[in-house]
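Raw model.csv, CSV, C-alpha atoms:
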```
chain,number,residue,atom,x,y,z
A,208,MET,CA,61.5,206.6,22.2
A,209,THR,CA,62.9,209.9,21.0
A,210,VAL,CA,63.8,212.5,23.6
A,211,SER,CA,63.2,216.0,22.2
A,212,ILE,CA,64.9,219.1,23.5
A,213,ALA,CA,64.3,222.6,22.3
A,214,ILE,CA,66.6,225.5,22.9
A,215,THR,CA,64.8,228.9,22.6
A,216,GLY,CA,65.5,232.5,23.4
A,217,LYS,CA,66.3,235.9,21.9
A,218,GLY,CA,69.1,236.1,19.4
A,219,GLY,CA,72.4,236.8,21.2
A,220,SER,CA,71.4,235.0,24.4
A,221,GLY,CA,73.7,232.1,23.7
A,222,LYS,CA,71.3,229.5,22.3
A,223,THR,CA,73.7,228.0,19.8
A,224,THR,CA,76.5,227.8,22.4
A,225,VAL,CA,74.2,226.0,24.8
A,226,THR,CA,72.9,223.7,22.1
A,227,LYS,CA,76.4,222.6,21.1
A,228,ALA,CA,77.5,222.2,24.8
A,229,LEU,CA,74.4,220.2,25.6
A,230,TRP,CA,75.1,217.9,22.6
A,231,HIS,CA,78.6,217.3,24.0
A,232,VAL,CA,77.1,216.4,27.4
A,233,ILE,CA,74.5,214.0,25.9
A,234,ARG,CA,77.1,212.3,23.8
A,235,GLU,CA,79.4,211.8,26.8
A,236,LYS,CA,76.6,210.4,28.9
A,237,ASN,CA,74.9,208.4,26.2
A,238,PRO,CA,77.8,207.4,23.8
A,239,SER,CA,75.9,204.6,22.0
A,240,LYS,CA,72.8,206.8,21.3
A,241,THR,CA,72.0,208.6,18.1
A,242,VAL,CA,71.5,212.4,18.0
A,243,LEU,CA,69.8,214.7,15.4
A,244,LEU,CA,70.8,218.3,15.7
A,245,PHE,CA,68.1,220.4,14.1
A,246,ASP,CA,69.1,223.9,13.1
A,247,ASN,CA,65.8,225.8,13.1
A,248,ASP,CA,67.5,229.3,13.5
A,249,LEU,CA,67.5,231.5,10.4
A,250,THR,CA,71.2,232.4,10.9
A,251,SER,CA,72.2,228.7,10.7
A,252,GLU,CA,74.8,229.3,13.4
A,253,LEU,CA,74.7,225.8,14.7
A,254,ALA,CA,75.8,224.4,11.3
A,255,HIS,CA,78.4,227.0,11.0
A,256,SER,CA,79.8,226.2,14.5
A,257,PHE,CA,80.7,222.7,13.1
A,258,GLY,CA,82.4,224.3,10.1
A,259,LYS,CA,79.5,223.4,7.8
A,260,ASP,CA,78.2,225.8,5.2
A,261,ILE,CA,75.0,223.9,4.6
A,262,ARG,CA,73.0,225.2,1.6
A,263,GLN,CA,70.7,222.2,1.2
A,264,THR,CA,67.8,222.9,3.5
A,265,ILE,CA,64.2,221.9,4.2
A,266,TYR,CA,63.1,225.1,2.6
A,267,GLY,CA,64.9,224.1,-0.5
A,268,ILE,CA,62.8,221.0,-0.7
A,269,ARG,CA,59.6,222.9,-0.1
A,270,SER,CA,60.5,225.6,-2.7
A,271,GLY,CA,61.7,223.1,-5.3
A,272,LYS,CA,65.2,224.6,-5.3
A,273,HIS,CA,67.0,221.7,-3.7
A,274,GLU,CA,69.9,220.4,-5.8
A,275,TYR,CA,70.2,216.6,-5.3
A,276,LYS,CA,73.4,214.8,-4.7
A,277,THR,CA,72.1,211.8,-6.7
A,278,GLY,CA,69.6,211.2,-9.4
A,279,ILE,CA,65.9,211.2,-8.3
A,280,PRO,CA,64.6,207.6,-8.1
A,281,GLU,CA,61.7,206.8,-10.4
A,282,ASN,CA,58.1,205.9,-9.5
A,283,MET,CA,58.0,207.6,-6.1
A,284,THR,CA,54.9,209.0,-4.5
A,285,LYS,CA,55.2,212.7,-3.4
A,286,GLN,CA,55.5,211.6,0.3
A,287,GLU,CA,58.2,209.1,-0.5
A,288,TYR,CA,60.0,211.8,-2.6
A,289,ILE,CA,60.0,214.2,0.4
A,290,GLU,CA,61.2,211.5,2.8
A,291,TRP,CA,64.0,210.7,0.3
A,292,ALA,CA,64.9,214.4,-0.1
A,293,LEU,CA,65.2,214.8,3.7
A,294,GLU,CA,67.7,211.9,3.7
A,295,ASP,CA,69.6,213.7,1.0
A,296,ILE,CA,70.1,216.9,3.1
A,297,LEU,CA,71.2,215.2,6.3
A,298,VAL,CA,74.8,215.9,7.1
A,299,PRO,CA,76.7,213.5,9.3
A,300,LEU,CA,78.9,215.0,12.1
A,301,ASP,CA,80.1,211.7,13.6
A,302,GLU,CA,79.1,208.1,13.7
A,303,ASN,CA,76.0,208.8,15.8
A,304,THR,CA,75.2,212.5,15.1
A,305,ASP,CA,73.6,214.1,12.0
A,306,ILE,CA,72.6,217.7,11.5
A,307,ILE,CA,69.8,219.1,9.4
A,308,VAL,CA,69.0,222.8,8.6
A,309,SER,CA,65.5,224.1,8.1
A,310,TRP,CA,66.0,227.8,7.2
A,311,LEU,CA,62.7,229.5,6.1
A,312,ILE,CA,59.5,227.7,6.8
A,313,GLY,CA,55.9,227.7,5.6
A,314,SER,CA,53.0,228.5,7.8
A,315,LYS,CA,50.7,225.9,9.2
A,316,ASP,CA,47.9,228.2,7.9
A,317,CYS,CA,48.9,227.2,4.4
A,318,ARG,CA,46.7,224.4,3.1
A,319,CYS,CA,49.3,223.3,0.6
A,320,PRO,CA,49.7,219.5,0.7
A,321,ILE,CA,53.4,219.9,1.0
A,322,THR,CA,53.1,221.5,4.5
A,323,LYS,CA,51.6,218.3,5.9
A,324,GLN,CA,53.8,216.0,3.8
A,325,ILE,CA,57.0,217.7,5.2
A,326,ASN,CA,55.6,217.6,8.7
A,327,ASP,CA,54.9,213.8,8.4
A,328,ALA,CA,58.2,213.1,6.8
A,329,LEU,CA,60.1,215.1,9.6
A,330,VAL,CA,58.2,213.2,12.3
A,331,LYS,CA,59.2,209.9,10.7
A,332,LEU,CA,62.8,211.1,10.4
A,333,ILE,CA,63.1,212.5,14.0
A,334,ASN,CA,61.6,209.3,15.5
A,335,ARG,CA,64.6,207.3,14.2
A,336,TYR,CA,66.9,209.1,16.6
A,337,ASP,CA,67.3,208.6,20.4
A,338,PHE,CA,67.7,212.4,20.9
A,339,VAL,CA,66.9,215.4,18.9
A,340,ILE,CA,68.0,218.9,19.9
A,341,PHE,CA,66.3,221.9,18.2
A,342,ASP,CA,68.2,225.2,18.0
A,343,CYS,CA,65.1,227.4,17.7
A,344,GLU,CA,64.6,230.8,16.2
A,345,PHE,CA,62.8,232.4,19.1
A,346,ASP,CA,60.1,230.3,20.6
A,347,LEU,CA,58.4,227.0,19.9
A,348,LYS,CA,55.8,228.6,17.6
A,349,TYR,CA,58.3,228.9,14.7
A,350,LEU,CA,59.3,225.3,15.1
A,351,TYR,CA,55.7,224.2,15.3
A,352,GLN,CA,55.0,225.8,11.9
A,353,LEU,CA,57.4,223.3,10.5
A,354,VAL,CA,56.9,220.1,12.5
A,355,ASP,CA,54.4,219.2,15.2
A,356,ILE,CA,56.2,216.9,17.6
A,357,PRO,CA,56.1,216.5,21.4
A,358,ILE,CA,58.9,218.5,23.1
A,359,ASN,CA,60.1,216.9,26.3
A,360,VAL,CA,62.3,219.7,27.5
A,361,THR,CA,62.2,223.4,26.5
A,362,LEU,CA,65.0,225.6,27.7
A,363,VAL,CA,64.6,229.4,27.4
A,364,ILE,CA,68.1,230.9,27.4
A,365,ALA,CA,68.1,234.4,28.9
A,366,ARG,CA,70.7,237.0,29.7
A,367,PRO,CA,71.2,238.1,33.3
A,368,ASN,CA,69.2,241.3,33.3
A,369,GLU,CA,65.6,242.4,33.9
A,370,ALA,CA,64.7,243.1,30.3
A,371,SER,CA,65.9,239.6,29.2
A,372,ILE,CA,64.0,237.9,32.0
A,373,HIS,CA,60.8,239.8,31.1
A,374,LEU,CA,61.3,238.7,27.5
A,375,ALA,CA,61.9,235.1,28.7
A,376,LYS,CA,58.4,235.3,30.3
A,377,ARG,CA,56.9,236.2,26.9
A,378,ILE,CA,58.8,233.4,25.2
A,379,GLU,CA,57.5,231.0,27.9
A,380,GLU,CA,53.9,232.2,27.3
A,381,TYR,CA,54.3,231.8,23.5
A,382,SER,CA,55.8,228.4,23.9
A,383,ALA,CA,53.7,226.9,26.7
A,384,LYS,CA,50.9,225.4,24.5
A,385,TYR,CA,53.5,223.8,22.2
A,386,ALA,CA,55.4,222.3,25.1
A,387,ALA,CA,52.2,220.4,25.9
A,388,GLY,CA,52.8,220.4,29.7
A,389,GLU,CA,56.4,219.0,29.5
A,390,GLN,CA,59.3,220.6,31.2
A,391,LEU,CA,59.8,224.3,30.4
A,392,GLY,CA,62.3,226.4,32.3
A,393,VAL,CA,64.8,229.2,32.1
A,394,ILE,CA,68.6,229.0,32.1
A,395,LEU,CA,70.4,232.2,32.8
A,396,ASN,CA,73.5,232.6,30.7
A,397,LYS,CA,76.6,234.8,31.1
A,398,VAL,CA,76.1,235.2,34.8
A,399,ASP,CA,78.4,236.7,37.4
A,400,LYS,CA,78.2,235.1,40.8
A,401,GLN,CA,77.2,238.3,42.6
A,402,GLU,CA,74.1,238.6,40.3
A,403,ILE,CA,72.5,235.2,41.1
A,404,GLU,CA,70.2,235.9,44.1
A,405,PRO,CA,68.4,239.0,42.7
A,406,LEU,CA,68.0,237.3,39.4
A,407,PHE,CA,66.4,234.2,40.9
A,408,ASP,CA,64.0,236.5,42.8
A,409,LEU,CA,63.1,238.2,39.6
A,410,LEU,CA,62.4,234.8,37.9
A,411,SER,CA,60.2,233.8,40.9
A,412,LYS,CA,58.2,237.0,40.6
A,413,ASN,CA,57.6,236.3,37.0
A,414,ASP,CA,56.5,232.7,37.8
A,415,LEU,CA,59.4,231.3,35.7
A,416,THR,CA,61.0,228.0,36.5
A,417,ALA,CA,64.8,228.5,37.1
A,418,LEU,CA,66.7,225.4,35.9
A,419,GLY,CA,70.2,226.8,36.5
A,420,THR,CA,72.8,229.3,35.5
A,421,ILE,CA,75.8,229.4,33.2
A,422,PRO,CA,78.8,231.6,34.1
A,423,LYS,CA,80.2,234.1,31.7
A,424,ASP,CA,83.0,232.8,29.5
A,425,ASN,CA,85.1,235.6,28.2
A,426,LEU,CA,87.1,233.2,25.9
A,427,LEU,CA,84.0,232.8,23.7
A,428,LYS,CA,84.8,236.1,22.1
A,429,GLN,CA,87.7,234.3,20.5
A,430,LYS,CA,85.5,231.4,19.5
A,431,ARG,CA,82.5,233.1,18.0
A,432,ILE,CA,82.3,230.7,15.1
A,433,SER,CA,83.0,227.4,16.8
A,434,LYS,CA,80.8,228.3,19.9
A,435,GLU,CA,83.0,225.9,22.0
A,436,SER,CA,83.1,226.6,25.7
A,437,VAL,CA,84.4,224.3,28.4
A,438,ILE,CA,82.7,226.6,31.0
A,439,VAL,CA,79.3,226.3,29.4
A,440,GLN,CA,79.7,222.5,29.0
A,441,THR,CA,80.7,222.1,32.6
A,442,ALA,CA,77.7,224.1,33.8
A,443,LEU,CA,75.4,222.0,31.7
A,444,GLU,CA,76.9,218.8,33.1
A,445,GLN,CA,76.1,220.1,36.6
A,446,LEU,CA,72.5,220.9,35.8
A,447,TYR,CA,71.9,217.9,33.5
A,448,TYR,CA,70.2,215.9,36.3
A,449,ARG,CA,67.5,218.6,36.6
A,450,LEU,CA,66.4,218.0,33.0
A,451,ASN,CA,63.6,215.7,32.1
A,452,ILE,CA,65.9,213.4,30.0
A,453,PRO,CA,67.4,210.0,30.6
A,454,GLN,CA,70.6,209.8,32.6
A,455,ASN,CA,73.6,207.8,31.5
A,456,GLU,CA,72.3,205.3,28.9
A,457,GLU,CA,68.9,204.9,30.6
A,458,LEU,CA,67.1,205.5,27.3
A,459,GLU,CA,65.0,202.5,26.2
```

Would you write the structure of this file as C-alpha coordinates?
Amino acid sequence: MTVSIAITGKGGSGKTTVTKALWHVIREKNPSKTVLLFDNDLTSELAHSFGKDIRQTIYGIRSGKHEYKTGIPENMTKQEYIEWALEDILVPLDENTDIIVSWLIGSKDCRCPITKQINDALVKLINRYDFVIFDCEFDLKYLYQLVDIPINVTLVIARPNEASIHLAKRIEEYSAKYAAGEQLGVILNKVDKQEIEPLFDLLSKNDLTALGTIPKDNLLKQKRISKESVIVQTALEQLYYRLNIPQNEELE
(Lines of atoms letter the chains of each structure in order from A and count residues from 1; the text may use other names and numbers.)
(Lines give C-alpha, C1' and ligand atoms only; values in the text may rest on other atoms or scores of the structure.)
Protein backbone atom coordinates (compact mmCIF):
# COMPACT_ATOMS: atom_id res chain seq x y z
CA MET A 1 0.00 0.00 0.00
CA THR A 2 1.30 3.43 -0.97
CA VAL A 3 0.79 6.29 1.48
CA SER A 4 0.25 9.51 -0.48
CA ILE A 5 0.84 12.96 1.01
CA ALA A 6 0.19 16.25 -0.78
CA ILE A 7 1.70 19.55 0.34
CA THR A 8 -0.36 22.48 -0.96
CA GLY A 9 -0.51 26.23 -0.43
CA LYS A 10 0.30 29.60 -1.91
CA GLY A 11 3.78 30.21 -3.30
CA GLY A 12 6.06 31.51 -0.56
CA SER A 13 4.19 29.75 2.22
CA GLY A 14 7.04 27.29 2.74
CA LYS A 15 5.65 24.23 0.91
CA THR A 16 9.00 23.03 -0.35
CA THR A 17 10.72 23.47 3.01
CA VAL A 18 7.92 21.48 4.67
CA THR A 19 8.04 18.81 1.96
CA LYS A 20 11.77 18.30 2.41
CA ALA A 21 11.54 18.28 6.21
CA LEU A 22 8.66 15.77 6.12
CA TRP A 23 10.74 13.55 3.85
CA HIS A 24 13.54 13.61 6.46
CA VAL A 25 11.07 12.63 9.21
CA ILE A 26 9.54 9.81 7.17
CA ARG A 27 12.98 8.46 6.28
CA GLU A 28 14.02 8.49 9.94
CA LYS A 29 10.86 6.77 11.13
CA ASN A 30 10.67 4.32 8.21
CA PRO A 31 14.30 3.73 7.14
CA SER A 32 13.59 0.59 5.13
CA LYS A 33 10.69 2.09 3.14
CA THR A 34 10.84 3.62 -0.32
CA VAL A 35 9.85 7.22 -1.05
CA LEU A 36 8.98 9.02 -4.27
CA LEU A 37 9.27 12.80 -4.13
CA PHE A 38 6.98 14.25 -6.78
CA ASP A 39 7.81 17.84 -7.74
CA ASN A 40 4.50 19.15 -9.08
CA ASP A 41 5.39 22.84 -8.59
CA LEU A 42 6.19 24.88 -11.69
CA THR A 43 9.27 26.38 -10.03
CA SER A 44 10.82 22.92 -9.47
CA GLU A 45 12.18 24.21 -6.15
CA LEU A 46 12.09 20.77 -4.56
CA ALA A 47 14.50 19.36 -7.13
CA HIS A 48 16.70 22.45 -6.81
CA SER A 49 16.82 22.03 -3.02
CA PHE A 50 18.69 18.75 -3.58
CA GLY A 51 21.11 20.43 -5.97
CA LYS A 52 19.37 18.85 -8.98
CA ASP A 53 18.72 20.87 -12.13
CA ILE A 54 16.30 18.36 -13.61
CA ARG A 55 15.40 19.18 -17.20
CA GLN A 56 13.87 15.80 -18.07
CA THR A 57 10.23 16.12 -17.03
CA ILE A 58 6.84 14.47 -17.49
CA TYR A 59 5.93 17.41 -19.71
CA GLY A 60 8.89 16.54 -21.90
CA ILE A 61 7.45 13.07 -22.42
CA ARG A 62 4.01 14.47 -23.21
CA SER A 63 5.35 17.07 -25.64
CA GLY A 64 7.77 14.69 -27.36
CA LYS A 65 10.77 16.80 -26.32
CA HIS A 66 12.30 14.34 -23.91
CA GLU A 67 15.93 13.45 -24.63
CA TYR A 68 16.52 9.85 -23.65
CA LYS A 69 19.55 8.62 -21.73
CA THR A 70 19.56 5.40 -23.75
CA GLY A 71 18.24 4.22 -27.08
CA ILE A 72 14.51 3.59 -27.33
CA PRO A 73 13.71 -0.14 -27.16
CA GLU A 74 11.99 -1.59 -30.21
CA ASN A 75 8.51 -3.09 -30.54
CA MET A 76 6.96 -1.19 -27.63
CA THR A 77 3.30 -0.27 -27.35
CA LYS A 78 2.62 3.42 -26.66
CA GLN A 79 1.71 2.60 -23.05
CA GLU A 80 4.91 0.60 -22.54
CA TYR A 81 6.86 3.45 -24.12
CA ILE A 82 5.46 6.00 -21.65
CA GLU A 83 6.13 3.71 -18.70
CA TRP A 84 9.69 3.23 -19.90
CA ALA A 85 10.12 6.99 -20.43
CA LEU A 86 8.99 7.70 -16.84
CA GLU A 87 11.66 5.32 -15.59
CA ASP A 88 14.15 7.26 -17.68
CA ILE A 89 13.42 10.57 -15.93
CA LEU A 90 13.48 9.26 -12.36
CA VAL A 91 16.43 10.69 -10.44
CA PRO A 92 17.71 8.71 -7.41
CA LEU A 93 18.50 10.74 -4.28
CA ASP A 94 19.55 7.86 -2.05
CA GLU A 95 19.11 4.11 -1.85
CA ASN A 96 15.38 4.37 -1.08
CA THR A 97 14.36 7.76 -2.50
CA ASP A 98 13.70 8.94 -6.06
CA ILE A 99 12.48 12.28 -7.35
CA ILE A 100 10.46 13.06 -10.47
CA VAL A 101 9.50 16.46 -11.89
CA SER A 102 6.25 17.14 -13.74
CA TRP A 103 6.53 20.83 -14.80
CA LEU A 104 3.66 21.83 -17.16
CA ILE A 105 0.71 19.48 -17.40
CA GLY A 106 -2.13 18.83 -19.79
CA SER A 107 -5.77 19.24 -18.90
CA LYS A 108 -8.02 16.28 -18.09
CA ASP A 109 -10.46 17.97 -20.48
CA CYS A 110 -8.08 17.05 -23.30
CA ARG A 111 -9.24 13.81 -24.90
CA CYS A 112 -5.78 13.05 -26.27
CA PRO A 113 -4.94 9.38 -25.57
CA ILE A 114 -1.64 10.42 -24.00
CA THR A 115 -3.47 12.12 -21.10
CA LYS A 116 -4.89 8.79 -19.93
CA GLN A 117 -1.73 6.91 -20.83
CA ILE A 118 0.41 9.20 -18.65
CA ASN A 119 -2.14 8.97 -15.82
CA ASP A 120 -2.13 5.17 -15.94
CA ALA A 121 1.66 4.98 -16.16
CA LEU A 122 2.05 7.35 -13.20
CA VAL A 123 -0.40 5.38 -11.07
CA LYS A 124 1.60 2.24 -11.80
CA LEU A 125 4.87 4.00 -10.95
CA ILE A 126 3.57 5.58 -7.73
CA ASN A 127 2.16 2.29 -6.46
CA ARG A 128 5.66 0.81 -6.44
CA TYR A 129 6.68 3.07 -3.54
CA ASP A 130 5.75 2.93 0.14
CA PHE A 131 5.38 6.71 0.34
CA VAL A 132 4.87 9.44 -2.23
CA ILE A 133 5.09 13.11 -1.26
CA PHE A 134 3.70 15.64 -3.72
CA ASP A 135 5.03 19.21 -3.61
CA CYS A 136 1.99 20.78 -5.27
CA GLU A 137 1.53 23.95 -7.29
CA PHE A 138 -1.43 25.44 -5.33
CA ASP A 139 -4.16 22.94 -4.63
CA LEU A 140 -5.01 19.36 -5.55
CA LYS A 141 -6.77 20.29 -8.78
CA TYR A 142 -3.48 20.93 -10.61
CA LEU A 143 -2.15 17.57 -9.45
CA TYR A 144 -5.39 15.84 -10.44
CA GLN A 145 -5.02 17.18 -13.97
CA LEU A 146 -1.90 15.01 -14.20
CA VAL A 147 -2.68 11.92 -12.15
CA ASP A 148 -5.82 10.68 -10.42
CA ILE A 149 -4.68 8.89 -7.28
CA PRO A 150 -6.14 8.76 -3.74
CA ILE A 151 -4.46 11.24 -1.42
CA ASN A 152 -4.27 10.05 2.19
CA VAL A 153 -3.06 13.33 3.71
CA THR A 154 -3.37 16.85 2.31
CA LEU A 155 -1.48 19.57 4.17
CA VAL A 156 -2.32 23.19 3.39
CA ILE A 157 0.66 25.33 4.39
CA ALA A 158 -0.35 28.86 5.40
CA ARG A 159 1.38 31.95 6.71
CA PRO A 160 0.29 33.24 10.16
CA ASN A 161 -1.99 36.06 9.06
CA GLU A 162 -5.66 36.58 8.28
CA ALA A 163 -5.25 36.87 4.51
CA SER A 164 -3.29 33.63 4.30
CA ILE A 165 -5.83 31.76 6.42
CA HIS A 166 -8.68 32.96 4.20
CA LEU A 167 -6.70 31.75 1.19
CA ALA A 168 -6.16 28.42 2.96
CA LYS A 169 -9.94 28.10 3.17
CA ARG A 170 -10.19 28.56 -0.60
CA ILE A 171 -7.45 25.97 -1.16
CA GLU A 172 -9.31 23.56 1.12
CA GLU A 173 -12.54 24.09 -0.82
CA TYR A 174 -10.79 23.58 -4.17
CA SER A 175 -9.02 20.46 -2.89
CA ALA A 176 -11.75 18.76 -0.88
CA LYS A 177 -13.29 16.70 -3.68
CA TYR A 178 -9.87 15.45 -4.79
CA ALA A 179 -8.90 14.54 -1.22
CA ALA A 180 -11.86 12.11 -1.32
CA GLY A 181 -12.69 12.39 2.38
CA GLU A 182 -9.17 11.66 3.59
CA GLN A 183 -7.28 13.87 6.05
CA LEU A 184 -7.11 17.52 4.98
CA GLY A 185 -5.82 20.17 7.37
CA VAL A 186 -3.80 23.33 7.79
CA ILE A 187 -0.28 23.77 9.14
CA LEU A 188 0.61 27.34 10.04
CA ASN A 189 4.20 28.11 9.10
CA LYS A 190 6.63 30.82 10.31
CA VAL A 191 4.70 31.37 13.54
CA ASP A 192 5.70 33.43 16.59
CA LYS A 193 4.50 31.95 19.90
CA GLN A 194 2.42 34.98 20.83
CA GLU A 195 0.40 34.63 17.61
CA ILE A 196 -0.90 31.10 18.15
CA GLU A 197 -4.18 31.53 20.07
CA PRO A 198 -5.83 34.15 17.82
CA LEU A 199 -4.70 32.24 14.75
CA PHE A 200 -6.32 29.03 15.97
CA ASP A 201 -9.51 30.99 16.68
CA LEU A 202 -9.46 32.25 13.10
CA LEU A 203 -8.95 28.73 11.74
CA SER A 204 -11.89 27.53 13.81
CA LYS A 205 -14.13 30.33 12.51
CA ASN A 206 -13.30 29.25 8.99
CA ASP A 207 -14.04 25.57 9.77
CA LEU A 208 -10.44 24.63 9.05
CA THR A 209 -8.74 21.69 10.74
CA ALA A 210 -5.58 22.87 12.48
CA LEU A 211 -2.92 20.16 12.43
CA GLY A 212 -0.12 22.18 14.00
CA THR A 213 2.29 25.07 13.75
CA ILE A 214 5.88 25.53 12.65
CA PRO A 215 8.02 28.24 14.28
CA LYS A 216 9.78 30.85 12.21
CA ASP A 217 13.35 29.92 11.27
CA ASN A 218 15.37 33.03 10.51
CA LEU A 219 18.31 30.89 9.35
CA LEU A 220 16.30 29.82 6.30
CA LYS A 221 17.23 33.13 4.69
CA GLN A 222 20.75 31.73 4.46
CA LYS A 223 19.51 28.42 3.05
CA ARG A 224 17.03 29.56 0.41
CA ILE A 225 18.21 26.99 -2.09
CA SER A 226 18.69 23.93 0.13
CA LYS A 227 15.49 24.57 2.13
CA GLU A 228 17.07 22.74 5.09
CA SER A 229 15.69 23.66 8.51
CA VAL A 230 16.21 21.81 11.78
CA ILE A 231 13.42 23.91 13.32
CA VAL A 232 10.91 22.87 10.64
CA GLN A 233 11.96 19.23 10.84
CA THR A 234 11.66 19.19 14.65
CA ALA A 235 8.17 20.72 14.44
CA LEU A 236 7.08 18.06 11.94
CA GLU A 237 8.46 15.29 14.14
CA GLN A 238 6.27 16.61 16.96
CA LEU A 239 3.07 16.72 14.88
CA TYR A 240 3.79 13.57 12.85
CA TYR A 241 1.56 11.47 15.12
CA ARG A 242 -1.43 13.62 14.12
CA LEU A 243 -1.07 12.68 10.48
CA ASN A 244 -2.97 9.82 8.91
CA ILE A 245 0.20 7.91 8.02
CA PRO A 246 1.91 4.82 9.48
CA GLN A 247 4.11 5.34 12.53
CA ASN A 248 7.58 3.79 12.79
CA GLU A 249 7.69 1.03 10.18
CA GLU A 250 4.01 0.11 10.60
CA LEU A 251 3.44 0.17 6.85
CA GLU A 252 2.40 -3.21 5.47

- Message: So that I can check the surroundings of range 312-328 of chain A, please list as JSON, numbers by chain every protein, DNA and RNA residue that reaches within 9 Å of it, counting all atoms listed in the file and ignoring chain neighbours fewer than 4 positions away.
- Response: {"A": [265, 266, 268, 269, 285, 286, 287, 289, 290, 293, 332, 333, 349, 350, 351, 352, 353, 354, 355, 356]}

- Message: List as JSON, numbers by chain the residues having at least one atom at most 9 Å from position (82.7, 225.9, 31.1) as given in the file, counting all atoms listed in the file.
- Response: {"A": [228, 421, 422, 423, 424, 436, 437, 438, 439, 440, 441, 442, 443]}

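A straight line drawn from CA of Ile378 in chain A to CA of Leu410 in chain A is 13.3 Å long.
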
Near Leu418 in chain A, counting all atoms listed in the file, which residues have an atom at most 8 Å away, once you skip same-chain residues fewer than 5 positions from it, shown as a tab-separated table (two decimals) with C-alpha atoms, in the frame of the given file?
```tsv
chain	number	residue	atom	x	y	z
A	392	GLY	CA	62.30	226.40	32.30
A	393	VAL	CA	64.80	229.20	32.10
A	394	ILE	CA	68.60	229.00	32.10
A	446	LEU	CA	72.50	220.90	35.80
A	449	ARG	CA	67.50	218.60	36.60
A	450	LEU	CA	66.40	218.00	33.00
```

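The environment of range 258-262 of chain A within 9 Å, counting all atoms listed in the file and disregarding residues fewer than 2 places along the same chain, consists of Ser251, Leu253, Ala254, His255, Ser256, Thr264, Gly267, His273, Ile296, Val298, Ile307, Val308, Ile432 and Ser433 of chain A.
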
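Note that CA of Thr226 in chain A and CA of Leu427 in chain A are 14.4 Å apart.
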
- Which residue, A:Val363, A:Met283, A:Val330, A:Val339, has the smallest gap to Ile212 in chain A when you use only C-alpha atoms? A:Val339

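Our summary of the geometry notes that CA of Leu300 in chain A is positioned 13.3 Å from CA of Asp246 in chain A.
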
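When all atoms listed in the file are used to compute distances to Phe341 in chain A, the closest of the residues A:Leu415, A:Leu229, A:Met208, A:Leu374 turns out to be A:Leu229.
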
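Minimum distance to Ser371 in chain A across A:Tyr448, A:Thr304, A:Leu347, A:Asn413 (counting all atoms listed in the file) occurs at A:Asn413.
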
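Shortest separation to Ile452 in chain A among A:Glu379, A:Asp346, A:Asp337, A:Asp408 occurs at residue A:Asp337, atoms counted being all atoms listed in the file.
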